[in-house]
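J.: Below you'll find coords_39.csv; it's CSV, C-alpha atoms.
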chain,number,residue,atom,x,y,z
A,1,MET,CA,-12.6,-11.4,21.9
A,2,LYS,CA,-10.2,-8.5,21.5
A,3,VAL,CA,-8.4,-6.6,24.3
A,4,ASP,CA,-5.9,-3.8,23.4
A,5,PHE,CA,-3.9,-1.7,25.8
A,6,GLU,CA,-4.1,2.0,25.2
A,7,PHE,CA,-1.2,2.6,27.6
A,8,GLY,CA,0.7,0.6,30.1
A,9,SER,CA,0.9,-3.2,30.2
A,10,LEU,CA,0.7,-6.1,32.6
A,11,ASN,CA,4.3,-7.4,31.9
A,12,GLY,CA,3.3,-10.8,33.3
A,13,LYS,CA,1.9,-9.3,36.6
A,14,ARG,CA,-1.5,-9.7,38.0
A,15,SER,CA,-3.8,-6.8,38.2
A,16,VAL,CA,-6.2,-4.8,40.4
A,17,VAL,CA,-8.9,-4.1,37.8
A,18,ALA,CA,-12.0,-2.1,37.4
A,19,VAL,CA,-14.2,-2.7,34.3
A,20,GLY,CA,-16.9,-0.5,32.9
A,21,CYS,CA,-17.7,2.3,30.4
A,22,PHE,CA,-16.1,5.0,32.5
A,23,ASP,CA,-17.8,7.7,30.3
A,24,GLY,CA,-16.8,11.0,31.7
A,25,VAL,CA,-14.4,9.7,34.4
A,26,HIS,CA,-16.6,11.6,36.9
A,27,THR,CA,-16.5,11.9,40.6
A,28,GLY,CA,-18.3,8.5,41.1
A,29,HIS,CA,-15.6,6.8,39.0
A,30,LEU,CA,-12.8,8.6,40.9
A,31,SER,CA,-13.7,6.8,44.1
A,32,ILE,CA,-13.4,3.5,42.3
A,33,LEU,CA,-10.0,4.5,40.7
A,34,GLU,CA,-8.6,5.6,44.1
A,35,ARG,CA,-9.5,2.1,45.5
A,36,VAL,CA,-7.8,0.4,42.5
A,37,LYS,CA,-4.6,2.5,42.9
A,38,LYS,CA,-4.4,2.1,46.7
A,39,ILE,CA,-4.8,-1.7,46.6
A,40,ALA,CA,-2.4,-2.0,43.6
A,41,HIS,CA,0.2,0.1,45.4
A,42,GLU,CA,-0.1,-1.9,48.7
A,43,SER,CA,0.1,-5.3,46.9
A,44,GLY,CA,2.6,-4.6,44.1
A,45,LEU,CA,0.1,-5.3,41.4
A,46,VAL,CA,-0.8,-3.3,38.2
A,47,SER,CA,-3.6,-0.8,38.6
A,48,LEU,CA,-5.8,-1.5,35.5
A,49,VAL,CA,-8.9,0.0,34.1
A,50,ALA,CA,-10.7,-1.8,31.3
A,51,SER,CA,-13.4,0.1,29.3
A,52,PHE,CA,-15.6,-1.0,26.4
A,53,GLU,CA,-15.3,0.2,22.8
A,54,PRO,CA,-17.7,1.0,21.3
A,55,HIS,CA,-20.2,1.9,24.0
A,56,PRO,CA,-22.4,-1.2,24.6
A,57,ARG,CA,-25.5,0.7,23.8
A,58,GLU,CA,-24.3,1.1,20.3
A,59,VAL,CA,-24.2,-2.6,19.8
A,60,LEU,CA,-27.3,-3.5,21.8
A,61,SER,CA,-29.6,-0.8,20.4
A,62,GLY,CA,-28.0,0.2,17.2
A,63,GLN,CA,-27.8,3.8,18.3
A,64,SER,CA,-24.5,5.6,19.0
A,65,PRO,CA,-24.9,7.5,22.3
A,66,LEU,CA,-23.5,11.0,22.7
A,67,LEU,CA,-20.5,10.6,25.1
A,68,LEU,CA,-19.0,12.8,27.8
A,69,SER,CA,-15.5,11.4,26.9
A,70,PRO,CA,-15.0,9.5,23.6
A,71,LYS,CA,-12.2,6.9,23.5
A,72,ASP,CA,-9.1,9.2,23.2
A,73,GLU,CA,-10.4,11.7,25.7
A,74,ARG,CA,-11.2,8.9,28.2
A,75,THR,CA,-7.8,7.4,27.8
A,76,TYR,CA,-6.2,10.8,28.5
A,77,LEU,CA,-8.4,11.3,31.6
A,78,LEU,CA,-7.5,7.8,33.0
A,79,LYS,CA,-3.8,8.4,32.5
A,80,ALA,CA,-4.1,11.8,34.2
A,81,GLN,CA,-5.5,10.0,37.2
A,82,GLY,CA,-2.4,7.9,37.6
A,83,ILE,CA,-3.8,4.5,36.5
A,84,GLY,CA,-1.0,2.1,35.5
A,85,ALA,CA,-2.7,0.6,32.4
A,86,HIS,CA,-5.8,1.1,30.4
A,87,ALA,CA,-7.3,-1.7,28.2
A,88,LEU,CA,-10.0,-1.5,25.6
A,89,ILE,CA,-12.3,-4.4,25.4
A,90,THR,CA,-14.0,-4.6,22.0
A,91,PHE,CA,-17.7,-4.8,22.7
A,92,ASP,CA,-19.4,-6.7,19.8
A,93,LYS,CA,-22.2,-9.2,19.5
A,94,GLU,CA,-20.0,-12.0,20.8
A,95,MET,CA,-19.3,-10.0,23.9
A,96,ALA,CA,-23.0,-9.0,24.3
A,97,SER,CA,-24.1,-12.7,24.2
A,98,MET,CA,-21.4,-13.9,26.6
A,99,GLY,CA,-22.8,-15.4,29.9
A,100,ALA,CA,-21.7,-13.8,33.1
A,101,SER,CA,-19.7,-16.7,34.4
A,102,ASP,CA,-17.9,-17.1,31.0
A,103,TYR,CA,-17.2,-13.3,31.1
A,104,ILE,CA,-15.5,-13.6,34.4
A,105,GLU,CA,-13.3,-16.5,33.3
A,106,ALA,CA,-12.5,-15.4,29.8
A,107,VAL,CA,-12.1,-11.6,30.3
A,108,LEU,CA,-11.4,-10.8,33.9
A,109,ILE,CA,-9.2,-13.8,34.7
A,110,ASP,CA,-7.6,-14.9,31.4
A,111,LYS,CA,-7.2,-11.6,29.6
A,112,LEU,CA,-6.9,-9.1,32.4
A,113,ARG,CA,-5.2,-11.4,35.0
A,114,ALA,CA,-7.3,-10.0,37.8
A,115,GLN,CA,-6.1,-10.6,41.4
A,116,THR,CA,-8.5,-8.1,42.8
A,117,ILE,CA,-11.6,-6.7,41.1
A,118,VAL,CA,-13.1,-3.4,42.2
A,119,VAL,CA,-16.7,-2.7,41.2
A,120,GLY,CA,-19.1,0.1,41.7
A,121,TYR,CA,-22.4,0.0,43.6
A,122,ASP,CA,-24.9,-2.4,42.0
A,123,HIS,CA,-22.5,-3.6,39.3
A,124,ARG,CA,-24.1,-5.8,36.6
A,125,PHE,CA,-22.4,-7.6,33.7
A,126,GLY,CA,-22.8,-10.4,31.2
A,127,ARG,CA,-25.6,-11.4,28.8
A,128,ASN,CA,-28.8,-9.5,29.8
A,129,ARG,CA,-26.9,-8.1,32.8
A,130,GLU,CA,-27.4,-11.4,34.5
A,131,GLY,CA,-24.2,-11.2,36.6
A,132,ASP,CA,-23.9,-9.3,39.9
A,133,THR,CA,-21.4,-8.8,42.7
A,134,ASP,CA,-22.5,-12.0,44.4
A,135,LEU,CA,-21.7,-14.1,41.3
A,136,LEU,CA,-18.4,-12.3,40.9
A,137,ARG,CA,-17.4,-13.2,44.5
A,138,THR,CA,-18.6,-16.8,44.1
A,139,VAL,CA,-16.6,-17.5,40.8
A,140,GLY,CA,-13.7,-15.3,41.9
A,141,SER,CA,-13.2,-17.2,45.2
A,142,LYS,CA,-12.5,-20.4,43.2
A,143,HIS,CA,-9.5,-18.6,41.7
A,144,GLY,CA,-8.3,-16.8,44.8
A,145,ILE,CA,-9.7,-13.4,43.5
A,146,THR,CA,-10.8,-10.7,45.9
A,147,VAL,CA,-13.8,-8.6,45.0
A,148,VAL,CA,-14.1,-5.0,46.5
A,149,GLU,CA,-17.3,-3.1,46.2
A,150,ALA,CA,-17.1,0.7,46.3
A,151,ALA,CA,-19.9,2.7,47.9
A,152,GLU,CA,-22.4,4.5,45.8
A,153,ALA,CA,-21.3,8.1,45.0
A,154,SER,CA,-23.8,10.9,45.4
A,155,LEU,CA,-24.1,14.7,45.6
A,156,ARG,CA,-26.7,16.2,47.9
A,157,GLY,CA,-28.5,12.9,47.9
A,158,ALA,CA,-28.6,12.4,44.1
A,159,LYS,CA,-26.7,9.5,42.5
A,160,ILE,CA,-23.7,10.5,40.4
A,161,SER,CA,-23.8,8.8,37.0
A,162,SER,CA,-22.8,9.4,33.4
A,163,SER,CA,-26.4,9.6,32.4
A,164,SER,CA,-27.3,12.2,35.0
A,165,ILE,CA,-24.4,14.3,33.8
A,166,ARG,CA,-25.5,14.0,30.2
A,167,ASP,CA,-29.0,15.1,31.2
A,168,LYS,CA,-27.6,18.2,33.0
A,169,LEU,CA,-25.5,19.1,29.9
A,170,ALA,CA,-28.5,18.6,27.6
A,171,GLU,CA,-30.4,21.1,29.8
A,172,GLY,CA,-27.5,23.6,29.7
A,173,GLU,CA,-26.7,23.1,33.4
A,174,VAL,CA,-22.9,23.1,32.9
A,175,ALA,CA,-22.2,24.4,36.4
A,176,THR,CA,-24.0,21.4,38.0
A,177,ALA,CA,-22.5,19.0,35.5
A,178,ALA,CA,-19.0,20.3,36.6
A,179,GLN,CA,-19.8,19.5,40.2
A,180,LEU,CA,-20.7,15.9,39.2
A,181,LEU,CA,-17.7,15.5,37.0
A,182,GLY,CA,-15.2,17.0,39.4
A,183,ARG,CA,-14.0,19.4,36.7
A,184,LEU,CA,-15.4,21.7,34.0
A,185,TYR,CA,-16.9,20.0,31.1
A,186,SER,CA,-14.7,20.6,28.0
A,187,PHE,CA,-15.0,20.5,24.3
A,188,GLN,CA,-12.1,20.3,21.8
A,189,GLY,CA,-12.1,21.2,18.2
A,190,THR,CA,-10.2,22.6,15.2
A,191,VAL,CA,-10.7,26.2,14.2
A,192,VAL,CA,-12.2,26.3,10.7
A,193,HIS,CA,-13.2,29.1,8.4
A,194,GLY,CA,-16.7,30.5,8.8
A,195,ASP,CA,-18.5,33.3,7.0
A,196,GLY,CA,-16.7,36.0,8.9
A,197,ARG,CA,-20.0,37.4,10.3
A,198,GLY,CA,-18.6,37.9,13.8
A,199,LYS,CA,-15.6,39.9,12.6
A,200,SER,CA,-17.8,42.1,10.5
A,201,ILE,CA,-19.7,43.2,13.6
A,202,GLY,CA,-16.6,43.7,15.8
A,203,ILE,CA,-16.8,40.4,17.7
A,204,PRO,CA,-14.7,37.9,15.9
A,205,THR,CA,-15.3,34.2,16.6
A,206,ALA,CA,-13.5,31.0,16.1
A,207,ASN,CA,-15.7,28.4,14.5
A,208,LEU,CA,-14.9,24.9,15.9
A,209,GLN,CA,-15.1,21.5,14.3
A,210,SER,CA,-15.3,18.7,16.9
A,211,ALA,CA,-12.2,16.7,17.5
A,212,PHE,CA,-14.2,13.7,18.7
A,213,ALA,CA,-17.0,11.7,17.1
A,214,HIS,CA,-20.1,11.3,19.2
A,215,LYS,CA,-19.0,14.0,21.7
A,216,LEU,CA,-22.0,15.5,23.6
A,217,VAL,CA,-22.5,19.2,23.0
A,218,PRO,CA,-24.4,21.2,25.7
A,219,GLN,CA,-27.8,22.7,25.0
A,220,ASN,CA,-27.9,25.6,22.5
A,221,GLY,CA,-27.2,29.0,24.1
A,222,VAL,CA,-24.5,31.4,25.2
A,223,TYR,CA,-21.9,30.3,27.7
A,224,ALA,CA,-19.0,31.8,29.7
A,225,VAL,CA,-16.0,29.6,29.0
A,226,TYR,CA,-12.3,29.2,29.4
A,227,VAL,CA,-10.2,28.7,26.3
A,228,GLU,CA,-6.8,27.1,25.6
A,229,VAL,CA,-5.3,27.5,22.2
A,230,GLU,CA,-2.7,25.1,20.7
A,231,GLY,CA,0.7,26.6,20.6
A,232,ILE,CA,-0.2,29.7,22.7
A,233,ALA,CA,0.6,29.8,26.4
A,234,GLY,CA,-2.1,30.7,28.9
A,235,ARG,CA,-5.8,30.3,29.5
A,236,PHE,CA,-8.2,32.9,28.2
A,237,GLY,CA,-11.7,33.9,29.0
A,238,GLY,CA,-14.3,33.5,26.3
A,239,MET,CA,-17.9,33.7,25.3
A,240,MET,CA,-19.3,30.7,23.3
A,241,ASN,CA,-22.4,30.4,21.3
A,242,ILE,CA,-23.9,27.1,20.4
A,243,GLY,CA,-26.8,27.2,18.0
A,244,THR,CA,-28.2,28.1,14.6
A,245,ARG,CA,-27.6,31.9,14.6
A,246,PRO,CA,-31.3,32.7,14.0
A,247,THR,CA,-30.7,36.4,13.5
A,248,PHE,CA,-28.9,35.6,10.3
A,249,ASN,CA,-30.0,32.1,9.3
A,250,ASN,CA,-33.3,30.2,9.0
A,251,GLY,CA,-31.6,26.8,8.9
A,252,SER,CA,-31.2,24.1,11.6
A,253,SER,CA,-27.5,23.5,11.3
A,254,VAL,CA,-25.8,24.0,14.7
A,255,THR,CA,-22.5,25.9,14.8
A,256,LEU,CA,-20.0,26.2,17.7
A,257,GLU,CA,-18.4,29.6,17.9
A,258,VAL,CA,-16.2,31.0,20.6
A,259,HIS,CA,-15.1,34.7,21.0
A,260,ILE,CA,-11.9,34.9,23.0
A,261,LEU,CA,-11.9,37.9,25.2
A,262,ASN,CA,-9.1,40.4,24.8
A,263,PHE,CA,-7.5,38.3,22.1
A,264,ASP,CA,-6.5,39.2,18.5
A,265,ARG,CA,-4.5,36.4,16.8
A,266,ASP,CA,-4.9,34.2,13.8
A,267,ILE,CA,-5.7,30.7,15.0
A,268,TYR,CA,-7.1,29.0,12.0
A,269,ASP,CA,-6.4,25.2,11.9
A,270,ARG,CA,-5.2,25.2,15.5
A,271,GLU,CA,-6.7,22.9,18.2
A,272,VAL,CA,-8.8,24.8,20.8
A,273,ARG,CA,-10.1,23.4,24.1
A,274,VAL,CA,-13.1,25.1,25.6
A,275,GLU,CA,-14.2,24.6,29.3
A,276,PHE,CA,-17.8,25.5,30.1
A,277,VAL,CA,-18.3,27.6,33.2
A,278,GLU,CA,-21.9,28.8,33.1
A,279,ARG,CA,-24.7,29.2,30.7
A,280,ILE,CA,-25.8,32.9,30.6
A,281,ARG,CA,-28.8,32.9,28.3
A,282,ASN,CA,-30.8,31.1,25.6
A,283,GLU,CA,-30.0,31.7,21.9
A,284,GLN,CA,-32.5,34.1,20.5
A,285,LYS,CA,-33.4,35.9,17.3
A,286,PHE,CA,-32.9,39.7,17.3
A,287,ALA,CA,-34.9,42.2,15.2
A,288,SER,CA,-31.7,43.8,13.9
A,289,VAL,CA,-27.9,43.5,13.9
A,290,ALA,CA,-27.8,46.6,16.2
A,291,HIS,CA,-29.9,44.8,18.8
A,292,LEU,CA,-27.7,41.7,18.6
A,293,MET,CA,-24.6,43.8,19.1
A,294,GLU,CA,-26.1,45.5,22.1
A,295,GLN,CA,-26.9,42.1,23.7
A,296,LEU,CA,-23.4,40.7,22.8
A,297,ASN,CA,-21.8,43.6,24.6
A,298,LEU,CA,-23.9,42.8,27.7
A,299,ASP,CA,-22.9,39.1,27.3
A,300,GLN,CA,-19.2,40.0,27.3
A,301,GLU,CA,-19.6,42.1,30.4
A,302,ARG,CA,-21.4,39.1,32.1
A,303,CYS,CA,-18.7,36.7,31.0
A,304,ASN,CA,-15.9,39.0,32.2
A,305,GLY,CA,-17.7,39.3,35.6
A,306,LEU,CA,-18.0,35.5,35.9
A,307,LEU,CA,-14.4,34.7,34.9
A,308,LYS,CA,-12.3,37.5,36.3
A,309,GLU,CA,-12.0,36.1,39.8
A,310,ILE,CA,-10.4,32.9,38.5
A,311,LEU,CA,-8.3,34.1,35.5
Now, as a test, write the supplied structure out as structure tokens.

T.:
Amino acid sequence: MKVDFEFGSLNGKRSVVAVGCFDGVHTGHLSILERVKKIAHESGLVSLVASFEPHPREVLSGQSPLLLSPKDERTYLLKAQGIGAHALITFDKEMASMGASDYIEAVLIDKLRAQTIVVGYDHRFGRNREGDTDLLRTVGSKHGITVVEAAEASLRGAKISSSSIRDKLAEGEVATAAQLLGRLYSFQGTVVHGDGRGKSIGIPTANLQSAFAHKLVPQNGVYAVYVEVEGIAGRFGGMMNIGTRPTFNNGSSVTLEVHILNFDRDIYDREVRVEFVERIRNEQKFASVAHLMEQLNLDQERCNGLLKEIL
């Protein structure tokens, strides 16, 4: 069993710990993190979050799920929330087959030095998800460990979960996803050379290559976005297209292109971060380049209208 610290350390101290996938570090997770930080501050312990790598589904089903926040992004988000330490637990077949009681003893107590364990609503763990909060309290009480259960997080009566946010993004509902996340969903990538088609029609685009493996990309379509460019101060408005560019291509390869509004600089090989504000239309095939340009001009007007109040 392998446990590595991405940042922070225990330095011989006991911890207030929360364990889970924490994909997205969304508003439901934030209520758990706030409890962890509050208890740690009051008791002089280390606030610790432990997450699994790779995602358990990859080991259990053999399929790599698309993630809201792959490892490096998740670590960044947890650090930004003021957590004292973040540990990665290697999830492998050995971990998957570990009984719930053994997991408590070997991982939570021995490796993570838990003094208090904070869990979400209906927390399950161990082989075949056999462990629950009652078992955690029973085993923990033998070691003087306190278990705190956070209330279920919901928005307008709907449970907030990583899977529900993935569903919204897969449907292109980035504005709803942002409410569940507590921030705009973002995508980070390196600007690479494309075929120059956008520049040739007067709307130059930056073609992005994902910075993270297994990062979920929202549904194909055109989006109003905010853009940050490595090495350039400021936050810019933009228009992003995700799709196969059917007016020009017959293939199925998906490209990610962002046109930065009122911007004219060479940014090849720079890192770009895009935040999704709203999906404005489906991707579609136009009868001619002239019809496409007419629609793109309308799209720019729509994006400017959506973004101008905040920029």

J.: From the list A:Gln179, A:Ser9, A:Gln63, A:Ser101, which residue is nearest A:Ile83 when using all atoms listed in the file?

T.: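 Closest candidate: A:Ser9.
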
J.: How many Å lie between atom CA of A:Gly99 and atom CA of A:Gly126, rounded to one decimal?

T.: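 Interatomic distance, atom CA of A:Gly99 to atom CA of A:Gly126: 5.2 Å.
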
J.: Excluding same-chain residues fewer than 4 positions from A:Asn304, what lies within 10 Å of it counting only C-alpha atoms, as a list in words?

T.: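 The contact residues come out as Ala224, Val225, Gly237, Gly238, Met239, Leu261, Leu298, Asp299, Gln300, Lys308, Glu309 and Leu311 of chain A.
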
J.: With distances taken over only C-alpha atoms, which of A:Leu216, A:Leu136, A:Ile203, A:Ala40 is nearest to A:Glu171?

T.: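 Closest to A:Glu171 of all the choices is A:Leu216.
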
J.: Counting all atoms listed in the file, which of A:Glu301, A:Glu53, A:Glu130, A:Glu173 gets nearest to A:Leu88?

T.: A:Glu53

J.: Atom CA of A:Ile117 and atom CA of A:Glu94 are how many Å apart?

T.: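 So the two atoms, atom CA of A:Ile117 and atom CA of A:Glu94, lie 22.6 Å apart.
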
J.: Using atom CA of A:Glu230 and atom CA of A:Ala80 as the two end points, give the distance in Å to one decimal.

T.: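 Distance reported for this atom pair: 19.0 Å.
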
J.: If you count all atoms listed in the file, which residues fall within 12 Å of stretch 195-197 of chain A, apart from same-chain ones fewer than 4 positions away, as number ranges by chain?

T.: A: 201-207, 245, 247-249, 255, 257, 289, 293

J.: Nearest residue to A:Gly120 out of A:Ala96, A:Ala150, A:Met240, A:Val46, using all atoms listed in the file?

T.: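 Among the listed residues, the smallest separation from A:Gly120 belongs to A:Ala150.
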
J.: Which residues, written as JSON, numbers by chain, have at least one atom at most 8 Å from A:Arg235, with all atoms listed in the file counted and residues fewer than 3 positions away on the same chain left out?

T.: {"A": [226, 227, 228, 229, 311]}

J.: Have a look at A:Met1, A:Leu77, A:Leu66, A:Leu60 and name the one nearest to A:Ala213; count only C-alpha atoms.

T.: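 Nearest candidate to A:Ala213 out of A:Met1, A:Leu77, A:Leu66, A:Leu60: A:Leu66.
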
J.: Extract, using only C-alpha atoms, all DNA, RNA and protein residues at most 12 Å from A:Ala158, discarding same-chain residues fewer than 6 positions from it, and format them as a PDB file with C-alpha atoms, in the coordinates of the input.

T.:
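As a result, selection-v6.pdb now contains:
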ATOM      1  CA  GLY A  28     -18.300   8.500  41.100  1.00  0.00           C
ATOM      2  CA  GLU A 152     -22.400   4.500  45.800  1.00  0.00           C
ATOM      3  CA  SER A 164     -27.300  12.200  35.000  1.00  0.00           C
ATOM      4  CA  ILE A 165     -24.400  14.300  33.800  1.00  0.00           C
ATOM      5  CA  THR A 176     -24.000  21.400  38.000  1.00  0.00           C
ATOM      6  CA  GLN A 179     -19.800  19.500  40.200  1.00  0.00           C
ATOM      7  CA  LEU A 180     -20.700  15.900  39.200  1.00  0.00           C
TER       8      LEU A 180
END

J.: Applying 8 Å and only C-alpha atoms, which residues near A:Asn241 remain after dropping the ones on its own chain fewer than 3 positions away? List them as JSON, numbers by chain.

T.: {"A": [220, 221, 222, 223, 255, 256, 257, 258, 283]}

J.: Check the smallest atom-to-atom distance from each of A:Arg156, A:Arg124, A:Lys111, A:Lys71 to A:Ala211 using only C-alpha atoms, then report the winner.

T.: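 Nearest candidate to A:Ala211 out of A:Arg156, A:Arg124, A:Lys111, A:Lys71: A:Lys71.
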